[in-house]
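Chemist: After the structure tokens below, expect a handful of questions from me.
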Amino acid sequence: MGFFTDTSVCIGCKACEVACKEWNAIPEDGLELTGMSYDNTQGLGADTWRHVAFIEQNKPMGHARAETAHSDIDVLALASEGSGTPPAEAAMTPTTPPADAPPSPDGRTELRWLMASDVCKHCTHAACLDVCPTGALFRTEYGTVVVQEDICNGCGYCVPACPYGVIDQRKDDGRVWKCTLCYDRLGVGMEPACAKACPTDSIQYGPLDELRERAAARVEELHDIGVDDARLYGHDPD
């Protein structure tokens, strides 16, 4: 079992983050704005098992250009320009095109937000599981990887072993924590909390073979509407 996450329909509502925290009783860790974007949780960690990233891109949604570089966009400078907007110009934002540079002919501007919901990959060959000396990490009957907090001794070997920076130690107790793919919910026939809460079905849960077929159809659909660089990460089962 696993997730298929379709970032093209994610609206950045963070309902998945909230549902994950509520179901798993995870401490809050993101009530302050970072100053970098609207994303207030920054990344995955011991207290953020599901993270929605806000990525500003300088390209339109359709007819995507994979070679477009974004290094010339200074997001912080744009944000500071918008801080003193007069009331009469309140509709203007740092990313609103100037009057002498109207939107592209098809009505789209050059800047867009990409929202991407990230989570533990529950790897086929999980490095965190391989290095755990106590057996606190184990492979479940659903193919997922789960940490048993009552067995974890806080050695931290799994933290640098994870290539995705997913697993992390909680500062107040030293043990490691990460997404369990709601192992307790799966056992009673329920879907994970994040997938249940997602209003656009950006996060879809089910058997991997079924999800791969669904994802392949979605990639083909995106290619047909001009998003040429759309692809399925993790397409190879190995």
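Residue numbering restarts at 1 for every chain of the structure tokens, chains are lettered A, B, ... in their displayed order, and ligands are numbered from 1 as they appear.
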Going by DSSP on the backbone, which residues of stretch 89-211 of chain A come out as strand (DSSP E or B)? List them as a ChimeraX atom specification.
Modeler: /A:112-119,137-139,145-147,168-169,176-177,203-206
Chemist: Just C-alpha atoms for this one: save the residues we selected as a PDB file, in the first residue's frame.
Modeler:
```
ATOM      1  CA  ARG A 112       3.036  30.586 -10.486  1.00  0.00           C
ATOM      2  CA  TRP A 113       2.971  28.750  -7.177  1.00  0.00           C
ATOM      3  CA  LEU A 114       3.721  25.052  -7.089  1.00  0.00           C
ATOM      4  CA  MET A 115       2.441  23.352  -3.948  1.00  0.00           C
ATOM      5  CA  ALA A 116       3.978  19.962  -3.220  1.00  0.00           C
ATOM      6  CA  SER A 117       2.933  17.754  -0.302  1.00  0.00           C
ATOM      7  CA  ASP A 118       5.870  15.656   0.888  1.00  0.00           C
ATOM      8  CA  VAL A 119       6.018  12.698   3.248  1.00  0.00           C
ATOM      9  CA  LEU A 137      12.014   0.216  12.849  1.00  0.00           C
ATOM     10  CA  PHE A 138      10.155  -2.581  11.106  1.00  0.00           C
ATOM     11  CA  ARG A 139       8.470  -3.402   7.791  1.00  0.00           C
ATOM     12  CA  VAL A 145       8.187   1.323   7.478  1.00  0.00           C
ATOM     13  CA  VAL A 146       7.174   2.203  11.040  1.00  0.00           C
ATOM     14  CA  VAL A 147       9.055   3.348  14.164  1.00  0.00           C
ATOM     15  CA  ASP A 168      14.301  13.094  12.879  1.00  0.00           C
ATOM     16  CA  GLN A 169      14.881  13.144  16.639  1.00  0.00           C
ATOM     17  CA  VAL A 176      13.036   9.438  16.358  1.00  0.00           C
ATOM     18  CA  TRP A 177       9.671  10.002  14.715  1.00  0.00           C
ATOM     19  CA  ILE A 203      -3.076  12.624  -2.007  1.00  0.00           C
ATOM     20  CA  GLN A 204      -4.447   9.241  -3.038  1.00  0.00           C
ATOM     21  CA  TYR A 205      -4.028   6.020  -1.043  1.00  0.00           C
ATOM     22  CA  GLY A 206      -4.329   2.433  -2.206  1.00  0.00           C
TER      23      GLY A 206
END
```
Chemist: Give the alpha helix (DSSP H) residues of stretch 175-206 of chain A, as DSSP finds them on the backbone, and put them as a PDB file with all heavy atoms, in the first residue's frame.
Modeler:
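Contents of result21.pdb, as written:
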```pdb
ATOM      1  N   TYR A 183      -0.529   3.589  10.423  1.00  0.00           N
ATOM      2  CA  TYR A 183      -0.567   2.131  10.585  1.00  0.00           C
ATOM      3  C   TYR A 183      -1.780   1.685  11.408  1.00  0.00           C
ATOM      4  O   TYR A 183      -2.398   0.650  11.112  1.00  0.00           O
ATOM      5  CB  TYR A 183       0.736   1.673  11.255  1.00  0.00           C
ATOM      6  CG  TYR A 183       0.891   0.179  11.402  1.00  0.00           C
ATOM      7  CD1 TYR A 183       0.646  -0.674  10.333  1.00  0.00           C
ATOM      8  CD2 TYR A 183       1.323  -0.378  12.607  1.00  0.00           C
ATOM      9  CE1 TYR A 183       0.813  -2.041  10.464  1.00  0.00           C
ATOM     10  CE2 TYR A 183       1.494  -1.746  12.745  1.00  0.00           C
ATOM     11  CZ  TYR A 183       1.234  -2.575  11.676  1.00  0.00           C
ATOM     12  OH  TYR A 183       1.391  -3.927  11.804  1.00  0.00           O
ATOM     13  N   ASP A 184      -2.142   2.468  12.408  1.00  0.00           N
ATOM     14  CA  ASP A 184      -3.293   2.098  13.240  1.00  0.00           C
ATOM     15  C   ASP A 184      -4.602   2.209  12.459  1.00  0.00           C
ATOM     16  O   ASP A 184      -5.525   1.411  12.657  1.00  0.00           O
ATOM     17  CB  ASP A 184      -3.339   2.964  14.499  1.00  0.00           C
ATOM     18  CG  ASP A 184      -3.265   4.453  14.224  1.00  0.00           C
ATOM     19  OD1 ASP A 184      -2.913   4.831  13.088  1.00  0.00           O
ATOM     20  OD2 ASP A 184      -3.560   5.242  15.144  1.00  0.00           O
ATOM     21  N   ARG A 185      -4.693   3.163  11.554  1.00  0.00           N
ATOM     22  CA  ARG A 185      -5.903   3.316  10.742  1.00  0.00           C
ATOM     23  C   ARG A 185      -6.012   2.204   9.697  1.00  0.00           C
ATOM     24  O   ARG A 185      -7.101   1.678   9.434  1.00  0.00           O
ATOM     25  CB  ARG A 185      -5.912   4.682  10.047  1.00  0.00           C
ATOM     26  CG  ARG A 185      -6.083   5.854  10.993  1.00  0.00           C
ATOM     27  CD  ARG A 185      -5.935   7.194  10.263  1.00  0.00           C
ATOM     28  NE  ARG A 185      -6.961   7.429   9.273  1.00  0.00           N
ATOM     29  CZ  ARG A 185      -8.084   8.117   9.502  1.00  0.00           C
ATOM     30  NH1 ARG A 185      -8.326   8.618  10.706  1.00  0.00           N
ATOM     31  NH2 ARG A 185      -8.966   8.306   8.541  1.00  0.00           N
ATOM     32  N   LEU A 186      -4.876   1.844   9.101  1.00  0.00           N
ATOM     33  CA  LEU A 186      -4.902   0.798   8.073  1.00  0.00           C
ATOM     34  C   LEU A 186      -5.412  -0.520   8.639  1.00  0.00           C
ATOM     35  O   LEU A 186      -6.115  -1.276   7.956  1.00  0.00           O
ATOM     36  CB  LEU A 186      -3.499   0.586   7.476  1.00  0.00           C
ATOM     37  CG  LEU A 186      -2.771   1.796   6.887  1.00  0.00           C
ATOM     38  CD1 LEU A 186      -1.545   1.343   6.110  1.00  0.00           C
ATOM     39  CD2 LEU A 186      -3.686   2.617   6.002  1.00  0.00           C
ATOM     40  N   ALA A 193      -4.923   9.568   7.496  1.00  0.00           N
ATOM     41  CA  ALA A 193      -5.618  10.817   7.806  1.00  0.00           C
ATOM     42  C   ALA A 193      -5.380  11.890   6.755  1.00  0.00           C
ATOM     43  O   ALA A 193      -6.294  12.646   6.405  1.00  0.00           O
ATOM     44  CB  ALA A 193      -5.181  11.316   9.182  1.00  0.00           C
ATOM     45  N   CYS A 194      -4.150  11.988   6.234  1.00  0.00           N
ATOM     46  CA  CYS A 194      -3.830  13.034   5.259  1.00  0.00           C
ATOM     47  C   CYS A 194      -4.629  12.845   3.972  1.00  0.00           C
ATOM     48  O   CYS A 194      -5.173  13.807   3.414  1.00  0.00           O
ATOM     49  CB  CYS A 194      -2.336  13.069   4.974  1.00  0.00           C
ATOM     50  SG  CYS A 194      -1.651  11.500   4.391  1.00  0.00           S
ATOM     51  N   ALA A 195      -4.716  11.599   3.486  1.00  0.00           N
ATOM     52  CA  ALA A 195      -5.461  11.322   2.264  1.00  0.00           C
ATOM     53  C   ALA A 195      -6.954  11.558   2.475  1.00  0.00           C
ATOM     54  O   ALA A 195      -7.655  12.055   1.581  1.00  0.00           O
ATOM     55  CB  ALA A 195      -5.213   9.889   1.811  1.00  0.00           C
ATOM     56  N   LYS A 196      -7.442  11.219   3.658  1.00  0.00           N
ATOM     57  CA  LYS A 196      -8.854  11.412   3.976  1.00  0.00           C
ATOM     58  C   LYS A 196      -9.217  12.892   3.979  1.00  0.00           C
ATOM     59  O   LYS A 196     -10.306  13.281   3.548  1.00  0.00           O
ATOM     60  CB  LYS A 196      -9.155  10.810   5.351  1.00  0.00           C
ATOM     61  CG  LYS A 196     -10.605  10.895   5.779  1.00  0.00           C
ATOM     62  CD  LYS A 196     -11.492   9.978   4.959  1.00  0.00           C
ATOM     63  CE  LYS A 196     -12.922   9.968   5.486  1.00  0.00           C
ATOM     64  NZ  LYS A 196     -13.799   9.098   4.653  1.00  0.00           N
ATOM     65  N   ALA A 197      -8.287  13.743   4.440  1.00  0.00           N
ATOM     66  CA  ALA A 197      -8.573  15.169   4.583  1.00  0.00           C
ATOM     67  C   ALA A 197      -8.352  15.962   3.301  1.00  0.00           C
ATOM     68  O   ALA A 197      -8.838  17.090   3.192  1.00  0.00           O
ATOM     69  CB  ALA A 197      -7.695  15.765   5.693  1.00  0.00           C
TER      70      ALA A 197
END
```
Chemist: Pick out the residues sitting within 10 Å of A:Arg218, and hand them over as number ranges by chain; count only C-alpha atoms, and ignore anything fewer than 5 positions along from it in its own chain.
Modeler: A: 6, 8, 212-213, 223-224, 230-232
Chemist: Deliver the residues from the most recent selection as a file, using N, CA and C atoms, as a CSV table (one decimal), in the first residue's frame.
Modeler:
```
chain,number,residue,atom,x,y,z
A,6,ASP,N,-0.4,13.8,-6.4
A,6,ASP,CA,-0.5,14.6,-7.7
A,6,ASP,C,-0.3,16.0,-7.3
A,8,SER,N,0.0,18.5,-9.2
A,8,SER,CA,-0.6,19.4,-10.1
A,8,SER,C,-2.0,19.9,-9.7
A,212,ARG,N,-0.1,3.1,-9.5
A,212,ARG,CA,0.8,3.3,-10.7
A,212,ARG,C,0.0,3.4,-12.0
A,213,GLU,N,-1.1,2.6,-12.1
A,213,GLU,CA,-1.9,2.7,-13.3
A,213,GLU,C,-2.6,4.1,-13.3
A,223,HIS,N,0.6,15.5,-20.1
A,223,HIS,CA,1.4,15.7,-21.3
A,223,HIS,C,0.5,16.2,-22.5
A,224,ASP,N,-0.8,15.8,-22.5
A,224,ASP,CA,-1.7,16.2,-23.5
A,224,ASP,C,-2.1,17.6,-23.5
A,230,ALA,N,6.0,16.7,-17.0
A,230,ALA,CA,5.3,15.9,-15.9
A,230,ALA,C,5.8,14.5,-15.9
A,231,ARG,N,6.1,14.0,-14.7
A,231,ARG,CA,6.6,12.6,-14.6
A,231,ARG,C,6.2,12.0,-13.3
A,232,LEU,N,6.3,10.7,-13.1
A,232,LEU,CA,6.0,10.1,-11.9
A,232,LEU,C,7.3,9.7,-11.2
```
Chemist: Quick one: residues within 10 Å of A:Leu44, only C-alpha atoms, excluding same-chain residues fewer than 6 positions away - as a VMD selection string?
Modeler: chain A and resid 50 to 53 118 to 120 164 to 168 178 to 179
Chemist: Near A:Glu28, counting only C-alpha atoms, which residues have an atom at most 9 Å away, once you skip same-chain residues fewer than 5 positions from it, shown as a ChimeraX atom specification?
Modeler: /A:21,47-48
Chemist: Hey, could you make a per-residue contact list for stretch 148-191 of chain A against stretch 122-133 of chain A with 9 Å as the cut-off, showing the nearest pair of atoms and its distance in Å to one decimal, counting only C-alpha atoms, sorted by chain and number, as a tab-separated table?
Modeler:
```
residue	atom	partner	partner_atom	distance
A:Cys152	CA	A:Cys132	CA	8.8
A:Cys155	CA	A:Cys132	CA	8.5
A:Gly156	CA	A:Cys132	CA	8.6
A:Tyr157	CA	A:Val131	CA	6.4
A:Cys158	CA	A:Cys128	CA	4.4
A:Val159	CA	A:Cys128	CA	7.2
A:Pro160	CA	A:Cys128	CA	8.4
A:Ala161	CA	A:Cys128	CA	5.6
A:Cys162	CA	A:Cys128	CA	5.7
A:Pro163	CA	A:Ala127	CA	7.9
A:Ile167	CA	A:Cys128	CA	8.1
A:Cys179	CA	A:His122	CA	8.6
A:Thr180	CA	A:His122	CA	8.6
A:Leu181	CA	A:His122	CA	8.4
```
Chemist: Please save C-alpha atoms of the selected residues as a JSON list (two decimals), in the first residue's frame.
Modeler:
```json
[["chain", "number", "residue", "atom", "x", "y", "z"],
["A", 152, "CYS", "CA", 13.69, 3.31, 20.04],
["A", 155, "CYS", "CA", 20.82, 6.37, 19.05],
["A", 156, "GLY", "CA", 20.09, 8.47, 15.96],
["A", 157, "TYR", "CA", 21.79, 6.17, 13.42],
["A", 158, "CYS", "CA", 18.72, 6.31, 11.18],
["A", 159, "VAL", "CA", 18.71, 10.12, 10.92],
["A", 160, "PRO", "CA", 21.78, 10.51, 8.64],
["A", 161, "ALA", "CA", 20.96, 7.21, 6.91],
["A", 162, "CYS", "CA", 17.72, 8.58, 5.40],
["A", 163, "PRO", "CA", 18.50, 10.11, 1.98],
["A", 167, "ILE", "CA", 13.31, 10.79, 10.03],
["A", 179, "CYS", "CA", 5.16, 9.13, 9.16],
["A", 180, "THR", "CA", 3.69, 5.69, 9.93],
["A", 181, "LEU", "CA", 1.27, 5.90, 6.98]]
```
Chemist: So which one's closest to A:Cys182, A:Thr5, A:Thr34, A:Thr144, A:Asn58? Using only C-alpha atoms, please.
Modeler: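 Once distances to A:Cys182 are computed over only C-alpha atoms, the minimum belongs to A:Thr144.
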Chemist: Would you compute the distance between atom CA of A:Cys20 and atom CA of A:Gly234? Give it in Å to one decimal.
Modeler: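 Here the two named atoms are 22.9 Å from each other.
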Chemist: Work out how far atom CA of A:Asp29 is from atom CA of A:Ser202, in Å to one decimal.
Modeler: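 Separation between atom CA of A:Ser202 and atom CA of A:Asp29: 23.7 Å.
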Chemist: Neighbours of A:Glu210 within 12 Å (only C-alpha atoms; same-chain residues fewer than 4 positions away dropped), as an mmCIF file with N, CA and C atoms, in the first residue's frame?
Modeler:
```
data_model
loop_
_atom_site.group_PDB
_atom_site.id
_atom_site.type_symbol
_atom_site.label_atom_id
_atom_site.label_comp_id
_atom_site.auth_asym_id
_atom_site.auth_seq_id
_atom_site.Cartn_x
_atom_site.Cartn_y
_atom_site.Cartn_z
ATOM 1 N N MET A 1 0.843 -1.192 0.000
ATOM 2 C CA MET A 1 0.000 0.000 0.000
ATOM 3 C C MET A 1 0.881 1.245 0.000
ATOM 4 N N GLY A 2 0.328 2.339 -0.481
ATOM 5 C CA GLY A 2 1.129 3.555 -0.489
ATOM 6 C C GLY A 2 0.336 4.762 -0.959
ATOM 7 N N PHE A 3 1.068 5.839 -1.282
ATOM 8 C CA PHE A 3 0.470 7.096 -1.715
ATOM 9 C C PHE A 3 0.811 7.370 -3.173
ATOM 10 N N PHE A 4 -0.135 7.991 -3.882
ATOM 11 C CA PHE A 4 0.159 8.679 -5.137
ATOM 12 C C PHE A 4 -0.178 10.140 -4.885
ATOM 13 N N GLN A 204 -3.608 10.414 -2.827
ATOM 14 C CA GLN A 204 -4.447 9.241 -3.038
ATOM 15 C C GLN A 204 -3.770 8.023 -2.425
ATOM 16 N N TYR A 205 -4.548 7.191 -1.746
ATOM 17 C CA TYR A 205 -4.028 6.020 -1.043
ATOM 18 C C TYR A 205 -4.625 4.752 -1.652
ATOM 19 N N GLY A 206 -3.817 3.697 -1.712
ATOM 20 C CA GLY A 206 -4.329 2.433 -2.206
ATOM 21 C C GLY A 206 -3.218 1.463 -2.527
ATOM 22 N N ARG A 214 -3.102 4.531 -12.193
ATOM 23 C CA ARG A 214 -3.781 5.819 -12.096
ATOM 24 C C ARG A 214 -2.812 6.960 -12.379
ATOM 25 N N ALA A 215 -1.588 6.834 -11.854
ATOM 26 C CA ALA A 215 -0.583 7.877 -12.052
ATOM 27 C C ALA A 215 -0.144 7.957 -13.510
ATOM 28 N N ALA A 216 0.010 6.797 -14.165
ATOM 29 C CA ALA A 216 0.411 6.789 -15.571
ATOM 30 C C ALA A 216 -0.632 7.493 -16.434
ATOM 31 N N ALA A 217 -1.898 7.273 -16.118
ATOM 32 C CA ALA A 217 -2.969 7.930 -16.866
ATOM 33 C C ALA A 217 -2.937 9.436 -16.634
#
```
